[in-house]
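S.K.: File coords_16.pdb below, PDB, C-alpha atoms, pLDDT in the B column:
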ATOM      1  CA  MET G1229      86.255 110.245  69.695  1.00 40.00           C
ATOM      2  CA  CYS G1230      82.873 110.413  71.344  1.00 43.00           C
ATOM      3  CA  GLU G1231      79.931 108.121  71.033  1.00 44.00           C
ATOM      4  CA  TYR G1232      76.579 108.487  72.735  1.00 49.00           C
ATOM      5  CA  VAL G1233      75.227 105.372  74.359  1.00 48.00           C
ATOM      6  CA  TYR G1234      71.536 104.822  74.953  1.00 49.00           C
ATOM      7  CA  ILE G1235      70.639 101.539  76.632  1.00 47.00           C
ATOM      8  CA  ARG G1236      67.174 100.137  75.974  1.00 46.00           C
ATOM      9  CA  SER G1237      67.149  97.640  78.827  1.00 44.00           C
ATOM     10  CA  SER G1238      67.294  98.456  82.522  1.00 44.00           C
ATOM     11  CA  VAL G1239      70.487  99.824  84.011  1.00 46.00           C
ATOM     12  CA  SER G1240      71.082  99.084  87.686  1.00 49.00           C
ATOM     13  CA  GLY G1241      67.387  99.055  88.448  1.00 49.00           C
ATOM     14  CA  PHE G1242      66.702 102.226  86.485  1.00 48.00           C
ATOM     15  CA  ASN G1243      64.900 102.324  83.200  1.00 48.00           C
ATOM     16  CA  ALA G1244      66.824 104.107  80.442  1.00 46.00           C
ATOM     17  CA  LYS G1245      63.914 106.518  79.964  1.00 44.00           C
ATOM     18  CA  GLN G1246      64.128 107.518  83.635  1.00 47.00           C
ATOM     19  CA  ILE G1247      67.849 108.130  83.313  1.00 48.00           C
ATOM     20  CA  LEU G1248      67.267 110.378  80.315  1.00 49.00           C
ATOM     21  CA  LEU G1249      64.550 112.288  82.176  1.00 43.00           C
ATOM     22  CA  LEU G1250      66.917 112.891  85.091  1.00 50.00           C
ATOM     23  CA  ASN G1251      69.350 114.575  82.647  1.00 49.00           C
ATOM     24  CA  TYR G1252      72.232 112.208  83.248  1.00 49.00           C
ATOM     25  CA  ASP G1253      75.137 112.622  80.872  1.00 48.00           C
ATOM     26  CA  LEU G1254      75.264 109.386  78.899  1.00 54.00           C
ATOM     27  CA  GLU G1255      78.458 109.963  76.948  1.00 58.00           C
ATOM     28  CA  VAL G1256      80.972 107.152  76.676  1.00 66.00           C
ATOM     29  CA  TYR G1257      84.457 107.996  75.403  1.00 66.00           C
ATOM     30  CA  GLY G1258      86.643 105.523  73.531  1.00 65.00           C
ATOM     31  CA  LEU G1259      85.063 102.384  74.901  1.00 66.00           C
ATOM     32  CA  ALA G1260      85.024  98.926  73.368  1.00 68.00           C
ATOM     33  CA  ASN G1261      81.814  97.883  71.660  1.00 76.00           C
ATOM     34  CA  ILE G1262      80.737  95.597  74.466  1.00 82.00           C
ATOM     35  CA  LYS G1263      77.236  96.112  75.721  1.00 82.00           C
ATOM     36  CA  SER G1264      78.037  95.216  79.328  1.00 86.00           C
ATOM     37  CA  ALA G1265      80.988  97.642  79.402  1.00 85.00           C
ATOM     38  CA  LYS G1266      78.753 100.455  78.146  1.00 82.00           C
ATOM     39  CA  LYS G1267      76.164  99.615  80.791  1.00 86.00           C
ATOM     40  CA  ARG G1268      78.888  99.571  83.434  1.00 88.00           C
ATOM     41  CA  VAL G1269      80.038 103.078  82.498  1.00 84.00           C
ATOM     42  CA  ILE G1270      76.498 104.396  82.704  1.00 85.00           C
ATOM     43  CA  THR G1271      75.787 102.732  86.050  1.00 89.00           C
ATOM     44  CA  SER G1272      79.010 104.082  87.515  1.00 89.00           C
ATOM     45  CA  GLN G1273      78.052 107.587  86.333  1.00 88.00           C
ATOM     46  CA  VAL G1274      74.602 107.248  87.899  1.00 91.00           C
ATOM     47  CA  ARG G1275      76.025 105.974  91.184  1.00 94.00           C
ATOM     48  CA  ALA G1276      78.702 108.677  91.267  1.00 94.00           C
ATOM     49  CA  GLU G1277      76.030 111.373  90.831  1.00 93.00           C
ATOM     50  CA  ARG G1278      73.888 109.807  93.559  1.00 94.00           C
ATOM     51  CA  ASN G1279      76.834 109.447  95.955  1.00 95.00           C
ATOM     52  CA  LYS G1280      77.856 113.041  95.307  1.00 95.00           C
ATOM     53  CA  ALA G1281      74.363 114.269  96.194  1.00 95.00           C
ATOM     54  CA  VAL G1282      74.262 112.199  99.387  1.00 96.00           C
ATOM     55  CA  LYS G1283      77.691 113.420 100.512  1.00 96.00           C
ATOM     56  CA  SER G1284      76.661 117.015  99.896  1.00 96.00           C
ATOM     57  CA  ARG G1285      73.444 116.545 101.889  1.00 96.00           C
ATOM     58  CA  VAL G1286      75.346 114.978 104.804  1.00 95.00           C
ATOM     59  CA  LYS G1287      77.836 117.875 104.881  1.00 95.00           C
ATOM     60  CA  THR G1288      74.941 120.353 104.955  1.00 96.00           C
ATOM     61  CA  TYR G1289      73.293 118.589 107.885  1.00 94.00           C
ATOM     62  CA  ILE G1290      76.581 118.458 109.799  1.00 90.00           C
ATOM     63  CA  LYS G1291      77.043 122.204 109.336  1.00 94.00           C
ATOM     64  CA  LYS G1292      73.477 122.843 110.497  1.00 95.00           C
ATOM     65  CA  VAL G1293      73.943 120.706 113.618  1.00 91.00           C
ATOM     66  CA  GLU G1294      77.226 122.423 114.505  1.00 91.00           C
ATOM     67  CA  ALA G1295      75.627 125.838 114.052  1.00 94.00           C
ATOM     68  CA  ALA G1296      72.581 124.869 116.133  1.00 94.00           C
ATOM     69  CA  VAL G1297      74.765 123.547 118.953  1.00 93.00           C
ATOM     70  CA  ALA G1298      76.848 126.719 118.965  1.00 94.00           C
ATOM     71  CA  VAL G1299      73.692 128.866 119.134  1.00 95.00           C
ATOM     72  CA  ALA G1300      72.191 126.724 121.904  1.00 95.00           C
ATOM     73  CA  ILE G1301      75.330 126.937 124.030  1.00 95.00           C
ATOM     74  CA  ALA G1302      75.562 130.690 123.505  1.00 95.00           C
ATOM     75  CA  GLU G1303      71.915 131.141 124.547  1.00 96.00           C
ATOM     76  CA  ILE G1304      72.385 129.029 127.680  1.00 96.00           C
ATOM     77  CA  GLU G1305      75.462 131.006 128.696  1.00 95.00           C
ATOM     78  CA  LYS G1306      73.651 134.278 127.999  1.00 95.00           C
ATOM     79  CA  ALA G1307      70.724 133.168 130.192  1.00 95.00           C
ATOM     80  CA  ALA G1308      73.139 132.183 132.959  1.00 95.00           C
ATOM     81  CA  SER G1309      74.865 135.550 132.847  1.00 95.00           C
ATOM     82  CA  LYS G1310      71.489 137.294 133.284  1.00 95.00           C
ATOM     83  CA  GLY G1311      70.578 135.072 136.220  1.00 94.00           C
ATOM     84  CA  ILE G1312      67.846 133.093 134.465  1.00 95.00           C
ATOM     85  CA  PHE G1313      69.769 129.864 135.041  1.00 94.00           C
ATOM     86  CA  HIS G1314      72.109 129.189 137.926  1.00 96.00           C
ATOM     87  CA  LYS G1315      75.688 128.977 136.651  1.00 95.00           C
ATOM     88  CA  ASN G1316      75.987 125.310 137.644  1.00 96.00           C
ATOM     89  CA  ALA G1317      72.679 124.468 135.951  1.00 96.00           C
ATOM     90  CA  ALA G1318      73.857 126.233 132.798  1.00 96.00           C
ATOM     91  CA  ALA G1319      77.154 124.347 132.897  1.00 96.00           C
ATOM     92  CA  ARG G1320      75.235 121.098 133.323  1.00 97.00           C
ATOM     93  CA  LYS G1321      73.006 121.870 130.316  1.00 96.00           C
ATOM     94  CA  VAL G1322      76.026 122.755 128.166  1.00 95.00           C
ATOM     95  CA  SER G1323      77.723 119.561 129.305  1.00 96.00           C
ATOM     96  CA  HIS G1324      74.678 117.471 128.365  1.00 95.00           C
ATOM     97  CA  ILE G1325      74.535 119.044 124.899  1.00 94.00           C
ATOM     98  CA  THR G1326      78.245 118.531 124.197  1.00 92.00           C
ATOM     99  CA  LYS G1327      78.096 114.977 125.540  1.00 93.00           C
ATOM    100  CA  ALA G1328      75.158 114.169 123.245  1.00 91.00           C
ATOM    101  CA  VAL G1329      76.908 115.654 120.216  1.00 89.00           C
ATOM    102  CA  ASN G1330      80.125 113.799 120.995  1.00 90.00           C
ATOM    103  CA  ALA G1331      78.186 110.547 121.406  1.00 91.00           C
ATOM    104  CA  MET G1332      76.799 110.949 117.872  1.00 85.00           C
ATOM    105  CA  ALA G1333      80.276 111.072 116.378  1.00 73.00           C
TER     106      ALA G1333
END
What would the structure in this file look like if it were written as structure tokens?

M.R.:
Amino acid sequence: MCEYVYIRSSVSGFNAKQILLLNYDLEVYGLANIKSAKKRVITSQVRAERNKAVKSRVKTYIKKVEAAVAVAIAEIEKAASKGIFHKNAAARKVSHITKAVNAMA
């Protein structure tokens, strides 16, 4: 049994028209005919979608930071091997980068 729920009033700070424009799935399955329960299902769907997007974005940024750090360390070591940086200076730079990354975590 499937019924489609369209709320006319605001839902968690969002207008129902805005929710429909954002292509949220507003299906409610086998729910009691209580207006607040229907609203609750819709708000939880909206929040779940938003949380999912935020988590995905955070994972992407973490991957980018890890990749950038790996590239930076590789470039510093490459410069040290060619004599552009002294080996101790290169080690110090690598240490500063890893210390900064570890401090973020």

S.K.: Kindly indicate which residue among G:Ala1296, G:Ser1309, G:Ala1317, G:Ile1290 lies nearest to Met1332 (chain G), using all atoms listed in the file for the distances.

M.R.: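 Closest to Met1332 (chain G) of all the choices is G:Ile1290.
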
S.K.: Separation of CA of His1324 (chain G) and CA of Lys1283 (chain G), in Å?

M.R.: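 These two atoms are separated by 28.3 Å.
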
S.K.: Using all atoms listed in the file, find the one residue out of G:Val1269, G:Val1274, G:Ala1300, G:Val1282 that sits nearest to Ser1323 (chain G).

M.R.: G:Ala1300

S.K.: How many Å separate CA of Val1322 (chain G) from CA of Ile1301 (chain G)?

M.R.: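 Going from CA of Val1322 (chain G) over to CA of Ile1301 (chain G) covers 5.9 Å.
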
S.K.: Quick one: of G:Ile1325, G:Ile1270, G:Ala1331, G:Ala1281, who's nearest to Val1299 (chain G), counting only C-alpha atoms?

M.R.: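 The shortest atom-to-atom distance to Val1299 (chain G) comes from G:Ile1325.
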
S.K.: Looking at all atoms listed in the file, which of G:Lys1291, G:Lys1327, G:Arg1278, G:Lys1321 is the one that sits closest to Ala1308 (chain G)?

M.R.: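 Closest to Ala1308 (chain G), using all atoms listed in the file: G:Lys1321.
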
S.K.: How many Å lie between CA of Val1297 (chain G) and CA of Ala1328 (chain G), rounded to one decimal?

M.R.: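 Going from CA of Val1297 (chain G) over to CA of Ala1328 (chain G) covers 10.3 Å.
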
S.K.: Excluding Ala1318 (chain G) and its own-chain neighbours fewer than 5 positions away, which residues fall within 7 Å of it when counting only C-alpha atoms? Please give them as a ChimeraX atom specification.

M.R.: /G:1304-1305,1308,1313

S.K.: Assuming 3 Å of padding per side, give the centre and edge lengths of the axis-aligned box around every listed atom of region 1273-1277 of chain G, in Å to one decimal and as lines of an AutoDock Vina configuration file.

M.R.:
center_x = 76.7
center_y = 108.7
center_z = 88.8
size_x = 10.1
size_y = 11.4
size_z = 10.9
